[in-house]
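The block underneath contains the structure these notes are about, expressed in structure tokens.
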Amino acid sequence: MGKTRSAPTLNDVAKAAGVSTATVSRCLNSPDRVIEATRQRVMQAVESLGYTPNFAARVMAAKRSFTIGAIIPTMDNAIFARGLQAFQDQLREDGYTLLVSSSAYDPEAEREQIRTLVARGADGLLLIGHARDAEIYEYLERHQVPSLVAWSYEPEAQRPSVGFSNADAMCELAQCVIAAGHRRIAMISGITEGNDRAQGRVEGVRRAMADSGLDANTLALVETDYEIEKGAEAFRRLMAFFPRPTAVMCGNDVLAAGALREAGRLGIRVPEQVSVTGFDDIELAEIVSPALTTVHVPHREMGRKAARELTAMVEGKSEGRSICIGTKVVNRCSLAEQPG
């Protein structure tokens, strides 16, 4: 029987590349500190030898796992895909690995996932929104695990956040709806209990109504899960109201797509008979008919900035800053002026 071939070592790579082991280590851990020609020579040696860095040794030396955990409410909704991809891309550039869990909007599931990620040695956690029990943050502080909130910006909150004001963004869109002459406004919202993003969007519509002299209590509101068919069901309910709303504002583009589908089933023309708006500006907003007037959220910018801030917190370079990401209203075809 032949000898078992041993795995290539750091020394093997250094010898093949004609450099020191310290240079190889810098190429793998801080490539920006090595000139391009040397880096290419080292990486060619790594590739040809099939060298794999000793992760356990790196963890012991740095006293970090170089792993970041993220817990998102759901994997069924595309609104998290863009931001999370950018978050992962930035983490990878910085030498970190991402572990993702989905809580299905269940606070107990999120609590369990937080504990699991901490137990597995996650250096930091990305959480979505601020609405959770204070004891969770106390638990993270006891275990010295930095956490950052995304998809929401609350400068008054104790927890740092990289995101946007859901209330301000939806208020701006509602102002456009009101400026188009709409007075009978309805809203299809996500479930607001335990979801500060949904709460903020409802608050934004009501604020715009009040600022325009409308009675915010007249907002016809249906809360439902973020699914196309749920949006369709909610729209059907709203169309049974008398007098019928002239504009239906939706908590996200998925709900708005459901509303558009149901409008077609009911023979209601959008935007001639009723206007429909969304939120997020995912790809779906452009391909539905009519294309959605919505709020554009720069998810990729948010993801990258969240990754940079969280790794800075993990590495002791930041105590945690809150960063506001700007949003904007995108006017397409689903919002029309209401005849006076």
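Chain labels follow the order of the structure tokens: the first chain is A, the next B, and so on; residue numbering restarts at 1 in every chain, and ligands are counted from 1 in their shown order.
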
Query raised in the report: If you run DSSP on the backbone, which residues of stretch 84-305 of chain A are helix (DSSP H, G or I), as a ChimeraX atom specification?
Result: /A:84-93,107-119,134-142,166-179,196-211,216-218,228-239,253-266,284-287,299-305

Query raised in the report: Can you tell me, as a list in words, what residues are no more than 6 Å from A:Leu148 when counting only C-alpha atoms, ignoring any on the same chain fewer than 3 positions away?
Result: Leu126, Pro160 and Ser161 of chain A

All heavy atoms of the current selection, written as a short mmCIF file (atom, residue, chain, number, x, y, z; two decimals), in the first residue's frame:
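Done, and the output landed in result_5.cif:
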data_model
loop_
_atom_site.label_atom_id
_atom_site.label_comp_id
_atom_site.auth_asym_id
_atom_site.auth_seq_id
_atom_site.Cartn_x
_atom_site.Cartn_y
_atom_site.Cartn_z
N LEU A 126 -26.69 40.13 12.90
CA LEU A 126 -27.55 41.08 12.20
C LEU A 126 -29.00 40.70 12.48
O LEU A 126 -29.40 39.56 12.24
CB LEU A 126 -27.29 41.04 10.69
CG LEU A 126 -28.14 42.02 9.87
CD1 LEU A 126 -27.58 43.44 10.02
CD2 LEU A 126 -28.19 41.62 8.40
N PRO A 160 -27.70 50.08 17.75
CA PRO A 160 -27.36 50.75 16.49
C PRO A 160 -28.08 50.10 15.31
O PRO A 160 -28.36 48.90 15.31
CB PRO A 160 -25.84 50.54 16.39
CG PRO A 160 -25.55 49.36 17.26
CD PRO A 160 -26.55 49.41 18.37
N SER A 161 -28.40 50.91 14.32
CA SER A 161 -29.15 50.41 13.17
C SER A 161 -28.60 50.99 11.88
O SER A 161 -28.11 52.12 11.85
CB SER A 161 -30.63 50.73 13.31
OG SER A 161 -30.84 52.13 13.42
#

Query raised in the report: Looking only at the backbone, which of the residues in stretch 157-302 of chain A does DSSP tag as strand (DSSP E or B), as an MDAnalysis selection string?
Result: chainID A and resid 161:163 185:190 220:224 247:250 275:277 280 293:296

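With only C-alpha atoms as the atoms that count, the minimum distance from A:Met239 to the choices A:Leu255, A:Ala210, A:Ile185, A:Ala216 is reached by A:Ile185.
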
Requested in this report: Please identify all polymer residues within 12 Å of A:Leu84, counting only C-alpha atoms, omitting same-chain residues fewer than 2 positions from it, and present them as JSON, numbers by chain.
Outcome: {"A": [68, 69, 70, 71, 72, 74, 75, 77, 78, 79, 80, 81, 82, 86, 87, 88, 89, 90, 91, 98, 99, 100, 101, 126, 127, 128, 150, 151, 298, 299, 300, 301, 302, 303, 304, 305, 306, 307]}

Now that the selection is made, can you save its residues with C-alpha atoms as a short mmCIF file (atom, residue, chain, number, x, y, z; two decimals), in the first residue's frame?
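Once everything was written out, this is out.cif:
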data_model
loop_
_atom_site.label_atom_id
_atom_site.label_comp_id
_atom_site.auth_asym_id
_atom_site.auth_seq_id
_atom_site.Cartn_x
_atom_site.Cartn_y
_atom_site.Cartn_z
CA ILE A 68 -21.46 36.50 11.44
CA GLY A 69 -25.04 35.38 12.05
CA ALA A 70 -28.12 36.94 10.46
CA ILE A 71 -31.72 36.18 11.40
CA ILE A 72 -34.30 37.30 8.86
CA THR A 74 -38.60 34.91 6.15
CA MET A 75 -36.84 33.44 3.13
CA ASN A 77 -39.92 37.27 0.43
CA ALA A 78 -37.51 38.79 -2.08
CA ILE A 79 -37.18 42.02 -0.08
CA PHE A 80 -34.42 40.46 2.02
CA ALA A 81 -32.55 38.80 -0.85
CA ARG A 82 -30.82 41.88 -2.27
CA ALA A 86 -24.73 42.47 -0.48
CA PHE A 87 -24.21 41.87 3.25
CA GLN A 88 -22.62 38.49 2.52
CA ASP A 89 -20.48 39.85 -0.33
CA GLN A 90 -19.02 42.52 1.94
CA LEU A 91 -18.43 40.03 4.76
CA LEU A 98 -22.32 34.32 7.01
CA LEU A 99 -24.75 31.98 8.75
CA VAL A 100 -28.43 32.71 8.05
CA SER A 101 -31.56 31.66 9.95
CA LEU A 126 -27.55 41.08 12.20
CA LEU A 127 -31.17 41.44 13.31
CA ILE A 128 -34.14 42.80 11.37
CA ALA A 150 -31.15 46.57 9.68
CA TRP A 151 -34.21 47.48 7.59
CA PRO A 298 -31.45 50.71 -1.72
CA HIS A 299 -31.13 47.22 -0.24
CA ARG A 300 -27.63 46.55 -1.55
CA GLU A 301 -26.23 49.78 -0.13
CA MET A 302 -27.87 48.95 3.19
CA GLY A 303 -26.43 45.43 3.20
CA ARG A 304 -22.87 46.53 2.51
CA LYS A 305 -22.93 49.35 5.06
CA ALA A 306 -24.45 47.04 7.67
CA ALA A 307 -21.67 44.49 7.09
#

Query - Spatial neighbours of A:Val42, max dist 8 Å, only C-alpha atoms, sep filter under 5 positions, as a ChimeraX atom specification - result: /A:13-14,17,19,24,27

Next, the residues of the selection above should be written as an mmCIF file, in the first residue's frame with C-alpha atoms.
data_model
loop_
_atom_site.group_PDB
_atom_site.id
_atom_site.type_symbol
_atom_site.label_atom_id
_atom_site.label_comp_id
_atom_site.auth_asym_id
_atom_site.auth_seq_id
_atom_site.Cartn_x
_atom_site.Cartn_y
_atom_site.Cartn_z
ATOM 1 C CA VAL A 13 3.121 27.143 0.052
ATOM 2 C CA ALA A 14 5.911 29.490 1.150
ATOM 3 C CA ALA A 17 6.088 30.632 -3.924
ATOM 4 C CA VAL A 19 8.404 33.735 0.067
ATOM 5 C CA VAL A 24 1.747 33.734 2.835
ATOM 6 C CA CYS A 27 -1.769 37.145 1.487
#

Query raised in the report: Can you list, as a ChimeraX atom specification, every protein, DNA or RNA residue that comes within 10 Å of A:Asp196 when you count only C-alpha atoms, leaving out same-chain residues fewer than 5 positions away?
Result: /A:128-132,151-152,166-167,191,201-202

Report task. Write out as a PyMOL selection string each polymer residue whose atoms come within 12 Å of A:Ala285, counting only C-alpha atoms; drop sequence neighbours fewer than 2 positions from it. Result -> chain A and resi 78-79+250+252-258+260+276-283+287-296+330-334

Output of the above residues as a PDB file, in the first residue's frame, restricted to C-alpha atoms:
ATOM      1  CA  ALA A  78     -37.514  38.787  -2.081  1.00  0.00           C
ATOM      2  CA  ILE A  79     -37.180  42.015  -0.084  1.00  0.00           C
ATOM      3  CA  CYS A 250     -49.723  48.297   0.211  1.00  0.00           C
ATOM      4  CA  ASN A 252     -44.813  45.973   0.180  1.00  0.00           C
ATOM      5  CA  ASP A 253     -44.684  45.128  -3.521  1.00  0.00           C
ATOM      6  CA  VAL A 254     -45.747  41.513  -2.952  1.00  0.00           C
ATOM      7  CA  LEU A 255     -49.045  42.606  -1.386  1.00  0.00           C
ATOM      8  CA  ALA A 256     -49.473  45.168  -4.158  1.00  0.00           C
ATOM      9  CA  ALA A 257     -48.983  42.465  -6.812  1.00  0.00           C
ATOM     10  CA  GLY A 258     -51.757  40.482  -5.135  1.00  0.00           C
ATOM     11  CA  LEU A 260     -53.353  44.034  -8.902  1.00  0.00           C
ATOM     12  CA  VAL A 276     -52.455  50.835  -6.084  1.00  0.00           C
ATOM     13  CA  THR A 277     -49.004  51.490  -4.602  1.00  0.00           C
ATOM     14  CA  GLY A 278     -46.284  49.228  -3.212  1.00  0.00           C
ATOM     15  CA  PHE A 279     -43.125  49.491  -1.146  1.00  0.00           C
ATOM     16  CA  ASP A 280     -39.526  48.204  -1.646  1.00  0.00           C
ATOM     17  CA  ASP A 281     -39.171  48.419  -5.455  1.00  0.00           C
ATOM     18  CA  ILE A 282     -38.171  44.799  -6.008  1.00  0.00           C
ATOM     19  CA  GLU A 283     -38.062  43.470  -9.613  1.00  0.00           C
ATOM     20  CA  ILE A 287     -42.968  43.581 -14.387  1.00  0.00           C
ATOM     21  CA  VAL A 288     -46.529  43.613 -13.052  1.00  0.00           C
ATOM     22  CA  SER A 289     -49.164  45.425 -15.087  1.00  0.00           C
ATOM     23  CA  PRO A 290     -49.533  48.252 -14.558  1.00  0.00           C
ATOM     24  CA  ALA A 291     -46.019  48.809 -13.187  1.00  0.00           C
ATOM     25  CA  LEU A 292     -46.113  49.853  -9.552  1.00  0.00           C
ATOM     26  CA  THR A 293     -45.596  53.271  -8.078  1.00  0.00           C
ATOM     27  CA  THR A 294     -43.584  52.341  -5.011  1.00  0.00           C
ATOM     28  CA  VAL A 295     -40.810  53.317  -2.584  1.00  0.00           C
ATOM     29  CA  HIS A 296     -37.315  52.413  -3.706  1.00  0.00           C
ATOM     30  CA  VAL A 330     -40.645  55.823  -7.853  1.00  0.00           C
ATOM     31  CA  ASN A 331     -43.606  56.966  -9.945  1.00  0.00           C
ATOM     32  CA  ARG A 332     -44.814  54.433 -12.475  1.00  0.00           C
ATOM     33  CA  CYS A 333     -48.268  53.653 -13.830  1.00  0.00           C
ATOM     34  CA  SER A 334     -50.369  52.348 -10.938  1.00  0.00           C
TER      35      SER A 334
END

Using only C-alpha atoms, which residues of stretch 118-210 of chain A come within 9 Å of stretch 218-223 of chain A, and what is the closest atom pair for each, with the distance in Å to one decimal? Give it as CSV, sorted by chain and residue number.
residue,atom,partner,partner_atom,distance
A:Arg184,CA,A:Leu219,CA,7.6
A:Ile185,CA,A:Leu219,CA,5.8
A:Ala186,CA,A:Ala220,CA,4.4
A:Met187,CA,A:Leu221,CA,4.9
A:Ile188,CA,A:Val222,CA,5.0
A:Ser189,CA,A:Glu223,CA,4.7
A:Gly190,CA,A:Glu223,CA,5.3
A:Ile191,CA,A:Glu223,CA,5.2
A:Thr192,CA,A:Glu223,CA,7.3
A:Val202,CA,A:Leu221,CA,8.6
A:Val205,CA,A:Leu219,CA,8.4
A:Arg206,CA,A:Leu219,CA,7.3
A:Met209,CA,A:Leu219,CA,8.5

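The residue that comes closest to A:Gln44, out of A:Ala16, A:Phe242, A:Ala179, A:Val118 and on the basis of only C-alpha atoms, is A:Ala16.
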
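Interatomic distance, atom CA of A:Ser25 to atom CA of A:Asp12: 12.4 Å.
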
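Of the residues under consideration (A:Gly50, A:Pro8, A:Gly251, A:Gly124), A:Gly124 shows the shortest atom-to-atom contact distance to A:Arg308 when counting only C-alpha atoms.
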